[in-house]
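Raw contents of my_file_29.cif, mmCIF, C-alpha atoms:
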data_model
#
loop_
_atom_site.group_PDB
_atom_site.id
_atom_site.type_symbol
_atom_site.label_atom_id
_atom_site.label_comp_id
_atom_site.auth_asym_id
_atom_site.auth_seq_id
_atom_site.Cartn_x
_atom_site.Cartn_y
_atom_site.Cartn_z
ATOM 1 C CA THR A 7 0.000 0.000 0.000
ATOM 2 C CA ALA A 8 2.823 2.378 0.873
ATOM 3 C CA MET A 9 4.574 1.658 -2.420
ATOM 4 C CA ARG A 10 1.361 2.341 -4.324
ATOM 5 C CA LEU A 11 0.926 5.617 -2.445
ATOM 6 C CA LEU A 12 4.475 6.716 -3.258
ATOM 7 C CA GLY A 13 3.979 5.673 -6.880
ATOM 8 C CA ALA A 14 0.795 7.718 -7.127
ATOM 9 C CA ILE A 15 2.533 10.733 -5.573
ATOM 10 C CA SER A 16 5.457 10.440 -8.014
ATOM 11 C CA ALA A 17 3.097 10.138 -10.989
ATOM 12 C CA PHE A 18 1.090 13.130 -9.817
ATOM 13 C CA SER A 19 4.262 15.166 -9.357
ATOM 14 C CA ALA A 20 5.494 14.266 -12.844
ATOM 15 C CA ILE A 21 2.158 15.204 -14.390
ATOM 16 C CA ALA A 22 2.057 18.489 -12.455
ATOM 17 C CA CYS A 23 5.556 19.442 -13.594
ATOM 18 C CA ALA A 24 4.804 18.496 -17.205
ATOM 19 C CA GLN A 25 1.627 20.527 -17.235
ATOM 20 C CA SER A 26 3.283 23.560 -15.648
ATOM 21 C CA GLN A 27 6.032 24.073 -18.215
ATOM 22 C CA THR A 28 6.263 27.575 -19.634
ATOM 23 C CA VAL A 29 7.989 29.281 -22.571
ATOM 24 C CA PRO A 30 8.444 32.978 -23.357
ATOM 25 C CA ALA A 31 6.646 34.532 -26.328
ATOM 26 C CA PHE A 32 7.589 37.777 -28.073
ATOM 27 C CA MET A 33 5.161 39.385 -30.511
ATOM 28 C CA TRP A 34 5.846 42.424 -32.652
ATOM 29 C CA SER A 35 4.158 44.175 -35.553
ATOM 30 C CA GLY A 36 4.536 47.059 -37.955
ATOM 31 C CA SER A 37 0.926 48.072 -37.190
ATOM 32 C CA ASP A 38 -0.836 49.133 -33.999
ATOM 33 C CA LEU A 39 -2.605 45.820 -33.314
ATOM 34 C CA LEU A 40 -0.495 45.260 -30.216
ATOM 35 C CA GLU A 41 0.251 47.713 -27.416
ATOM 36 C CA SER A 42 2.013 50.776 -28.864
ATOM 37 C CA GLY A 43 5.439 51.273 -27.385
ATOM 38 C CA GLY A 44 5.510 47.708 -26.078
ATOM 39 C CA SER A 45 3.441 45.879 -23.483
ATOM 40 C CA PHE A 46 4.591 43.412 -20.826
ATOM 41 C CA HIS A 47 2.241 40.839 -19.302
ATOM 42 C CA PRO A 48 3.755 39.557 -16.019
ATOM 43 C CA GLY A 49 1.239 36.778 -15.325
ATOM 44 C CA LYS A 50 0.977 33.335 -16.837
ATOM 45 C CA VAL A 51 -0.952 32.908 -20.087
ATOM 46 C CA GLU A 52 -2.390 29.450 -20.570
ATOM 47 C CA ALA A 53 -1.760 27.668 -23.869
ATOM 48 C CA THR A 54 -5.437 27.915 -24.824
ATOM 49 C CA GLU A 55 -5.399 31.671 -24.181
ATOM 50 C CA PHE A 56 -2.291 32.106 -26.306
ATOM 51 C CA HIS A 57 -3.718 30.092 -29.198
ATOM 52 C CA ASP A 58 -6.963 32.054 -29.048
ATOM 53 C CA LEU A 59 -4.959 35.280 -28.916
ATOM 54 C CA VAL A 60 -3.369 34.376 -32.263
ATOM 55 C CA ARG A 61 -6.749 33.366 -33.661
ATOM 56 C CA THR A 62 -8.230 36.694 -32.527
ATOM 57 C CA LEU A 63 -5.457 38.641 -34.259
ATOM 58 C CA SER A 64 -6.129 36.707 -37.462
ATOM 59 C CA GLY A 65 -9.879 37.399 -37.327
ATOM 60 C CA GLN A 66 -10.905 33.820 -36.555
ATOM 61 C CA ASP A 67 -13.587 32.662 -34.173
ATOM 62 C CA VAL A 68 -12.359 31.657 -30.724
ATOM 63 C CA ARG A 69 -13.759 29.238 -28.195
ATOM 64 C CA TYR A 70 -12.523 31.101 -25.150
ATOM 65 C CA GLU A 71 -12.251 34.834 -24.680
ATOM 66 C CA PRO A 72 -8.522 35.671 -24.667
ATOM 67 C CA THR A 73 -6.941 38.073 -22.229
ATOM 68 C CA ASP A 74 -7.332 41.755 -23.044
ATOM 69 C CA LEU A 75 -3.873 42.232 -24.497
ATOM 70 C CA VAL A 76 -4.500 43.484 -28.029
ATOM 71 C CA ALA A 77 -6.331 46.291 -29.745
ATOM 72 C CA GLU A 78 -9.736 45.771 -31.305
ATOM 73 C CA VAL A 79 -9.401 43.758 -34.495
ATOM 74 C CA THR A 80 -11.413 44.950 -37.495
ATOM 75 C CA GLU A 81 -11.422 44.098 -41.179
ATOM 76 C CA GLU A 82 -9.416 47.251 -41.889
ATOM 77 C CA ASN A 83 -6.485 46.446 -39.599
ATOM 78 C CA LEU A 84 -6.235 42.668 -40.050
ATOM 79 C CA PRO A 85 -2.619 41.610 -40.679
ATOM 80 C CA GLU A 86 -1.723 39.966 -43.962
ATOM 81 C CA VAL A 87 0.113 37.173 -42.172
ATOM 82 C CA ILE A 88 1.019 35.954 -38.679
ATOM 83 C CA ILE A 89 4.221 33.928 -38.490
ATOM 84 C CA VAL A 90 4.964 32.021 -35.288
ATOM 85 C CA PHE A 91 8.618 30.913 -34.965
ATOM 86 C CA ARG A 92 9.105 28.176 -32.377
ATOM 87 C CA HIS A 93 12.489 27.104 -31.006
ATOM 88 C CA GLN A 94 12.624 23.449 -30.031
ATOM 89 C CA GLN A 95 13.779 24.242 -26.481
ATOM 90 C CA LEU A 96 13.431 27.649 -24.876
ATOM 91 C CA SER A 97 12.449 28.056 -21.236
ATOM 92 C CA THR A 98 11.926 31.473 -19.684
ATOM 93 C CA ASP A 99 14.978 31.229 -17.421
ATOM 94 C CA HIS A 100 17.177 29.880 -20.236
ATOM 95 C CA PHE A 101 16.174 32.742 -22.507
ATOM 96 C CA SER A 102 16.998 35.266 -19.780
ATOM 97 C CA GLU A 103 20.505 33.832 -19.491
ATOM 98 C CA LEU A 104 21.096 33.662 -23.263
ATOM 99 C CA ALA A 105 19.826 37.222 -23.742
ATOM 100 C CA ASN A 106 21.915 38.621 -20.861
ATOM 101 C CA ALA A 107 18.689 39.853 -19.290
ATOM 102 C CA TYR A 108 20.350 40.061 -15.869
ATOM 103 C CA ALA A 109 22.949 42.582 -17.030
ATOM 104 C CA ASP A 110 22.541 46.272 -16.165
ATOM 105 C CA GLU A 111 22.606 47.257 -19.853
ATOM 106 C CA THR A 112 21.784 44.172 -21.862
ATOM 107 C CA ASP A 113 22.740 43.927 -25.523
ATOM 108 C CA GLY A 114 20.377 41.020 -26.137
ATOM 109 C CA GLY A 115 23.068 38.355 -26.084
ATOM 110 C CA LEU A 116 22.282 35.595 -28.579
ATOM 111 C CA PHE A 117 18.955 37.336 -29.235
ATOM 112 C CA ALA A 118 20.364 40.767 -30.028
ATOM 113 C CA GLN A 119 18.368 41.056 -33.255
ATOM 114 C CA LEU A 120 15.163 40.037 -31.456
ATOM 115 C CA LYS A 121 15.774 42.824 -28.949
ATOM 116 C CA ASP A 122 16.276 45.277 -31.800
ATOM 117 C CA ARG A 123 13.036 44.140 -33.486
ATOM 118 C CA MET A 124 11.058 44.520 -30.265
ATOM 119 C CA ASP A 125 12.556 47.949 -29.514
ATOM 120 C CA ASN A 126 11.810 49.347 -32.990
ATOM 121 C CA ALA A 127 8.418 47.750 -33.614
ATOM 122 C CA GLU A 128 5.330 49.899 -34.045
ATOM 123 C CA SER A 129 3.706 47.745 -31.351
ATOM 124 C CA SER A 130 4.836 44.721 -29.394
ATOM 125 C CA LEU A 131 3.814 42.336 -26.641
ATOM 126 C CA THR A 132 6.024 40.304 -24.292
ATOM 127 C CA LEU A 133 4.602 37.209 -22.580
ATOM 128 C CA PRO A 134 7.322 35.692 -20.350
ATOM 129 C CA TYR A 135 5.212 32.755 -19.132
ATOM 130 C CA VAL A 136 3.130 30.946 -21.739
ATOM 131 C CA GLY A 137 1.819 27.470 -21.000
ATOM 132 C CA ILE A 138 2.549 24.532 -23.297
ATOM 133 C CA LYS A 139 -0.036 22.355 -25.008
ATOM 134 C CA TYR A 140 1.401 19.466 -26.967
ATOM 135 C CA GLY A 141 -0.126 18.403 -30.243
ATOM 136 C CA ASN A 142 -0.782 20.092 -33.567
ATOM 137 C CA VAL A 143 0.007 23.680 -32.580
ATOM 138 C CA ALA A 144 -0.721 24.997 -36.061
ATOM 139 C CA LYS A 145 -4.205 23.469 -35.900
ATOM 140 C CA PHE A 146 -4.832 25.028 -32.482
ATOM 141 C CA MET A 147 -3.950 28.428 -33.954
ATOM 142 C CA GLY A 148 -5.998 27.872 -37.091
ATOM 143 C CA GLY A 149 -2.970 27.846 -39.364
ATOM 144 C CA SER A 150 -0.481 25.567 -41.100
ATOM 145 C CA THR A 151 3.098 24.440 -40.542
ATOM 146 C CA VAL A 152 5.944 25.439 -42.859
ATOM 147 C CA VAL A 153 9.497 24.163 -42.307
ATOM 148 C CA ALA A 154 12.138 26.865 -42.037
ATOM 149 C CA PRO A 155 14.157 25.961 -45.205
ATOM 150 C CA GLU A 156 11.000 26.301 -47.345
ATOM 151 C CA LEU A 157 9.541 29.429 -45.724
ATOM 152 C CA GLU A 158 11.241 32.006 -47.937
ATOM 153 C CA GLU A 159 10.224 30.203 -51.125
ATOM 154 C CA TYR A 160 6.696 29.773 -49.772
ATOM 155 C CA LEU A 161 6.379 33.516 -49.138
ATOM 156 C CA THR A 162 7.879 34.627 -52.453
ATOM 157 C CA SER A 163 6.040 32.148 -54.697
ATOM 158 C CA SER A 164 2.528 32.929 -53.448
ATOM 159 C CA ASP A 165 0.329 35.961 -52.884
ATOM 160 C CA ILE A 166 0.015 35.252 -49.171
ATOM 161 C CA LEU A 167 1.439 38.679 -48.292
ATOM 162 C CA THR A 168 -0.860 40.657 -50.576
ATOM 163 C CA ASN A 169 -4.166 38.750 -50.836
ATOM 164 C CA SER A 170 -5.857 40.623 -47.935
ATOM 165 C CA GLU A 171 -6.533 37.314 -46.184
ATOM 166 C CA THR A 172 -4.785 36.634 -42.916
ATOM 167 C CA GLU A 173 -2.938 33.338 -42.772
ATOM 168 C CA VAL A 174 -1.203 31.865 -39.731
ATOM 169 C CA LEU A 175 2.094 30.055 -40.307
ATOM 170 C CA VAL A 176 3.924 28.036 -37.639
ATOM 171 C CA VAL A 177 7.646 27.630 -38.347
ATOM 172 C CA PRO A 178 9.720 25.200 -36.218
ATOM 173 C CA LEU A 179 13.311 26.358 -35.681
ATOM 174 C CA HIS A 180 16.018 23.704 -35.290
ATOM 175 C CA ALA A 181 19.113 25.885 -35.815
ATOM 176 C CA PRO A 182 21.242 27.274 -32.954
ATOM 177 C CA TYR A 183 19.721 30.325 -31.269
ATOM 178 C CA ALA A 184 21.969 32.941 -32.904
ATOM 179 C CA ASP A 185 21.534 31.439 -36.388
ATOM 180 C CA ALA A 186 17.788 31.138 -35.892
ATOM 181 C CA ASP A 187 17.592 34.765 -34.759
ATOM 182 C CA THR A 188 19.414 35.849 -37.916
ATOM 183 C CA PHE A 189 17.017 33.767 -40.020
ATOM 184 C CA VAL A 190 14.018 35.388 -38.334
ATOM 185 C CA GLN A 191 15.538 38.829 -38.974
ATOM 186 C CA GLY A 192 15.730 38.136 -42.708
ATOM 187 C CA ILE A 193 12.111 36.972 -42.838
ATOM 188 C CA HIS A 194 11.086 40.000 -40.776
ATOM 189 C CA ASP A 195 12.712 42.457 -43.186
ATOM 190 C CA TYR A 196 11.090 40.853 -46.234
ATOM 191 C CA VAL A 197 7.603 40.469 -44.711
ATOM 192 C CA MET A 198 7.455 43.999 -43.299
ATOM 193 C CA GLU A 199 8.552 45.447 -46.632
ATOM 194 C CA GLN A 200 5.988 43.480 -48.648
ATOM 195 C CA THR A 201 3.074 44.135 -46.284
ATOM 196 C CA ASP A 202 3.911 47.734 -45.304
ATOM 197 C CA GLY A 203 4.064 46.600 -41.688
ATOM 198 C CA LYS A 204 0.693 44.804 -41.709
ATOM 199 C CA ALA A 205 2.099 41.604 -40.260
ATOM 200 C CA ILE A 206 2.645 40.062 -36.835
ATOM 201 C CA LEU A 207 5.659 37.934 -36.047
ATOM 202 C CA VAL A 208 6.006 35.776 -32.956
ATOM 203 C CA GLN A 209 9.091 34.122 -31.496
ATOM 204 C CA SER A 210 8.551 31.448 -28.862
ATOM 205 C CA GLY A 211 9.445 27.884 -27.916
ATOM 206 C CA LEU A 212 8.023 24.379 -28.227
ATOM 207 C CA HIS A 213 9.501 22.833 -25.083
ATOM 208 C CA GLY A 214 10.203 24.897 -22.005
ATOM 209 C CA GLY A 215 10.965 24.344 -18.348
ATOM 210 C CA PRO A 216 9.074 24.236 -15.050
ATOM 211 C CA GLU A 217 7.435 27.431 -13.877
ATOM 212 C CA PRO A 218 10.219 29.364 -12.151
ATOM 213 C CA ALA A 219 9.801 30.820 -8.685
ATOM 214 C CA ALA A 220 10.072 34.227 -10.339
ATOM 215 C CA LEU A 221 6.605 33.714 -11.824
ATOM 216 C CA ARG A 222 5.054 33.564 -8.366
ATOM 217 C CA ARG A 223 7.131 36.469 -7.041
ATOM 218 C CA LEU A 224 6.454 38.590 -10.124
ATOM 219 C CA SER A 225 2.731 37.921 -10.010
ATOM 220 C CA LEU A 226 2.455 38.600 -6.299
ATOM 221 C CA GLY A 227 4.456 41.809 -6.601
ATOM 222 C CA ALA A 228 2.920 43.047 -9.838
ATOM 223 C CA GLU A 229 0.945 45.681 -7.988
ATOM 224 C CA ASP A 230 4.226 47.458 -7.241
ATOM 225 C CA TYR A 231 4.922 48.033 -10.949
ATOM 226 C CA ASP A 232 3.316 50.320 -13.469
ATOM 227 C CA TYR A 233 1.982 47.796 -15.997
ATOM 228 C CA THR A 234 -0.644 48.883 -18.479
ATOM 229 C CA VAL A 235 -2.731 47.061 -21.062
ATOM 230 C CA GLU A 236 -4.577 49.120 -23.640
ATOM 231 C CA GLY A 237 -3.692 52.175 -21.597
ATOM 232 C CA GLU A 238 -5.486 50.786 -18.541
ATOM 233 C CA PRO A 239 -3.770 49.728 -15.278
ATOM 234 C CA TYR A 240 -2.977 46.034 -15.308
ATOM 235 C CA GLU A 241 -4.578 43.942 -12.590
ATOM 236 C CA PRO A 242 -2.054 41.273 -11.476
ATOM 237 C CA HIS A 243 -2.887 37.580 -11.701
ATOM 238 C CA TRP A 244 -2.523 36.285 -8.166
ATOM 239 C CA VAL A 245 -0.630 33.003 -7.914
ATOM 240 C CA TYR A 246 -1.233 31.526 -4.475
ATOM 241 C CA ILE A 247 0.458 28.177 -5.063
ATOM 242 C CA THR A 248 2.719 26.567 -7.632
ATOM 243 C CA PRO A 249 3.025 22.880 -8.637
ATOM 244 C CA THR A 250 6.363 22.661 -6.804
ATOM 245 C CA ILE A 251 4.840 23.923 -3.564
ATOM 246 C CA LEU A 252 1.865 21.586 -3.995
ATOM 247 C CA GLU A 253 4.205 18.639 -4.559
ATOM 248 C CA GLY A 254 6.127 19.520 -1.395
ATOM 249 C CA LEU A 255 2.919 19.735 0.630
ATOM 250 C CA ILE A 256 1.687 16.345 -0.606
ATOM 251 C CA VAL A 257 5.018 14.590 0.017
ATOM 252 C CA GLY A 258 5.344 16.250 3.440
ATOM 253 C CA PHE A 259 1.809 15.231 4.407
ATOM 254 C CA ALA A 260 2.442 11.623 3.316
ATOM 255 C CA PHE A 261 5.740 11.514 5.261
ATOM 256 C CA ILE A 262 4.193 12.889 8.459
ATOM 257 C CA THR A 263 1.255 10.462 8.171
ATOM 258 C CA THR A 264 3.634 7.503 7.750
ATOM 259 C CA VAL A 265 5.787 8.531 10.739
ATOM 260 C CA LEU A 266 2.783 9.080 13.016
ATOM 261 C CA THR A 267 1.285 5.734 11.974
ATOM 262 C CA GLY A 268 4.554 3.965 12.755
ATOM 263 C CA LEU A 269 4.875 5.642 16.162
ATOM 264 C CA CYS A 270 1.295 4.706 17.046
ATOM 265 C CA CYS A 271 1.979 1.075 16.114
ATOM 266 C CA ILE A 272 5.134 1.008 18.217
ATOM 267 C CA MET A 273 3.320 2.504 21.194
ATOM 268 C CA GLN A 274 0.704 -0.271 21.047
ATOM 269 C CA ILE A 275 3.300 -3.000 21.647
ATOM 270 C CA GLN A 276 2.682 -4.456 25.156
ATOM 271 C CA ALA A 277 5.244 -6.340 27.218
ATOM 272 C CA PRO A 278 5.368 -7.581 30.874
ATOM 273 C CA SER A 279 6.403 -5.000 33.400
ATOM 274 C CA GLN A 280 8.813 -7.495 35.092
ATOM 275 C CA PHE A 281 10.359 -10.884 34.331
ATOM 276 C CA ALA A 282 10.903 -13.796 36.772
ATOM 277 C CA ARG A 283 14.511 -14.667 37.466
ATOM 278 C CA GLU A 284 13.759 -18.356 38.400
ATOM 279 C CA LEU A 285 11.249 -20.905 37.263
ATOM 280 C CA PRO A 286 8.421 -21.731 39.709
ATOM 281 C CA ALA A 287 9.054 -24.707 42.073
ATOM 282 C CA ARG A 288 7.717 -28.076 40.931
ATOM 283 C CA GLY A 289 4.423 -29.140 42.445
ATOM 284 C CA LYS A 290 3.679 -25.731 43.726
ATOM 285 C CA GLU A 291 0.149 -24.676 43.156
ATOM 286 C CA PHE A 292 -0.773 -21.255 42.036
#

Let me see whether you can do it: turn the structure in this file into structure tokens.
Amino acid sequence: TAMRLLGAISAFSAIACAQSQTVPAFMWSGSDLLESGGSFHPGKVEATEFHDLVRTLSGQDVRYEPTDLVAEVTEENLPEVIIVFRHQQLSTDHFSELANAYADETDGGLFAQLKDRMDNAESSLTLPYVGIKYGNVAKFMGGSTVVAPELEEYLTSSDILTNSETEVLVVPLHAPYADADTFVQGIHDYVMEQTDGKAILVQSGLHGGPEPAALRRLSLGAEDYDYTVEGEPYEPHWVYITPTILEGLIVGFAFITTVLTGLCCIMQIQAPSQFARELPARGKEF
């Protein structure tokens, strides 16, 4: 029974960690669909919210109402294309290290060109903690998948950038981070030139890492920062517990229960208060 309990706890912990993985997402545009001057969303955005956010920007119907992070989408300001670049592995903490985010004056590190694109975009949106949903991501976003080596030919040989119909493209990136960032820069320059800025590009990851403790601290302390969305004060998403804390509570509760049960069993052992030194005499009646 104890082994089954520990097995169930381990399985639950593994599932909790898998479901709580997050990746950063950076969105920028040559139009004003996103927050002008750049917007930063400190809370976690679930995978379904993020997918519906992309669908909203492309004018598609959504099942769930996404968070209020973008301007009102109309037929006049629909982008010609939305391209989502996804690194195979990119956790929030790993990106911060690669981009020298902890430096006083960061130069962007391996993502220097991404930093430049975000700084000079007409509008942009940074989502440091986006949940992961495995499966056909392109289908979730209402788009299609195009491999990186064929993307340039796909864009140049079709009227996708000028047909006034928004299409969502998901592009997996397998190259090293610096090379992939350079590739994205080339696509960015071409797309923005052909669409006069009416395009949205996204750079994110496919596999991430567990939710860092910074997510809880940032969410709990968000009220101390001047975050705005659509010009309105941002209400922080309160995070009272994380999967790691929940795992610790469950394991601690199971350990304490096992120890107390063992002590109670030991305390129920009964033994004579004294032992006879000699055997009783033969024939003696008691």

With a cut-off of 10 Å, could you pull out the residues of region 127-149 of chain A touching region 206-211 of chain A and give me the nearest pair of atoms for each, distance in Å to one decimal, using only C-alpha atoms, ordered by chain and ascending number, as CSV?
residue,atom,partner,partner_atom,distance
A:Ser129,CA,A:Ile206,CA,9.5
A:Ser130,CA,A:Ile206,CA,9.0
A:Leu131,CA,A:Val208,CA,9.4
A:Thr132,CA,A:Val208,CA,9.8
A:Leu133,CA,A:Ser210,CA,9.4
A:Pro134,CA,A:Ser210,CA,9.6
A:Val136,CA,A:Ser210,CA,9.0
A:Ile138,CA,A:Gly211,CA,9.0

### Query
Distance CA of Ser35 (chain A)-CA of Val174 (chain A), one decimal place?
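It comes out at 14.1 Å.
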
### Query
Just how far from CA of Thr250 (chain A) is CA of Tyr183 (chain A), in Å to one decimal?
28.9 Å

### Summary
Expressed in Å, the length from CA of Thr28 (chain A) to CA of Lys139 (chain A) is 9.8 Å

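When the PyMOL selection byres ((chain A and resi 177) around 9) is evaluated on the file shown here, the picked residues come out as A:Ile89, A:Val90, A:Phe91, A:Arg92, A:His93, A:Ser150, A:Thr151, A:Val152, A:Val153, A:Ala154, A:Leu157, A:Leu175, A:Val176, A:Pro178, A:Leu179.
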
### Query
With distances taken over only C-alpha atoms, which of A:Pro249, A:Gly268, A:Gly254, A:Gly65 is nearest to Val87 (chain A)?
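Of all the options, A:Gly65 lies closest to Val87 (chain A).
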
### Message
Given all atoms listed in the file as the basis, pick out the residue of A:Glu171, A:Glu52, A:Asp165, A:Asp187 nearest to Pro85 (chain A).
### Response
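Among the listed residues, the smallest separation from Pro85 (chain A) belongs to A:Glu171.
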
### Task
Could you tell me which of A:Val29, A:Val265, A:Ile275, A:Leu59 comes closest to His213 (chain A) if we count only C-alpha atoms?
A:Val29

### Task
Counting all atoms listed in the file, select every polymer residue within 12 Å of (13.1, 47.1, -31.1) as defined in the file's coordinates, and provide the selection as number ranges by chain.
A: 32-36, 42-44, 113-114, 117-132, 191

### Task
Can you work out which one of A:Asp185, A:Glu284, A:Glu173, A:Glu156 has the shortest atom-to-atom distance to Leu63 (chain A), counting all atoms listed in the file?
A:Glu173

The PyMOL selection byres ((chain A and resi 56) around 9) - which residues does that actually catch in the file I just gave you? List them as a PDB file with C-alpha atoms, in the frame of the given file.
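What landed in selection23.pdb:
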ATOM      1  CA  VAL A  51      -0.952  32.908 -20.087  1.00  0.00           C
ATOM      2  CA  GLU A  52      -2.390  29.450 -20.570  1.00  0.00           C
ATOM      3  CA  ALA A  53      -1.760  27.668 -23.869  1.00  0.00           C
ATOM      4  CA  THR A  54      -5.437  27.915 -24.824  1.00  0.00           C
ATOM      5  CA  GLU A  55      -5.399  31.671 -24.181  1.00  0.00           C
ATOM      6  CA  HIS A  57      -3.718  30.092 -29.198  1.00  0.00           C
ATOM      7  CA  ASP A  58      -6.963  32.054 -29.048  1.00  0.00           C
ATOM      8  CA  LEU A  59      -4.959  35.280 -28.916  1.00  0.00           C
ATOM      9  CA  VAL A  60      -3.369  34.376 -32.263  1.00  0.00           C
ATOM     10  CA  ARG A  61      -6.749  33.366 -33.661  1.00  0.00           C
ATOM     11  CA  PRO A  72      -8.522  35.671 -24.667  1.00  0.00           C
ATOM     12  CA  THR A  73      -6.941  38.073 -22.229  1.00  0.00           C
ATOM     13  CA  VAL A 136       3.130  30.946 -21.739  1.00  0.00           C
ATOM     14  CA  GLY A 137       1.819  27.470 -21.000  1.00  0.00           C
ATOM     15  CA  MET A 147      -3.950  28.428 -33.954  1.00  0.00           C
TER      16      MET A 147
END
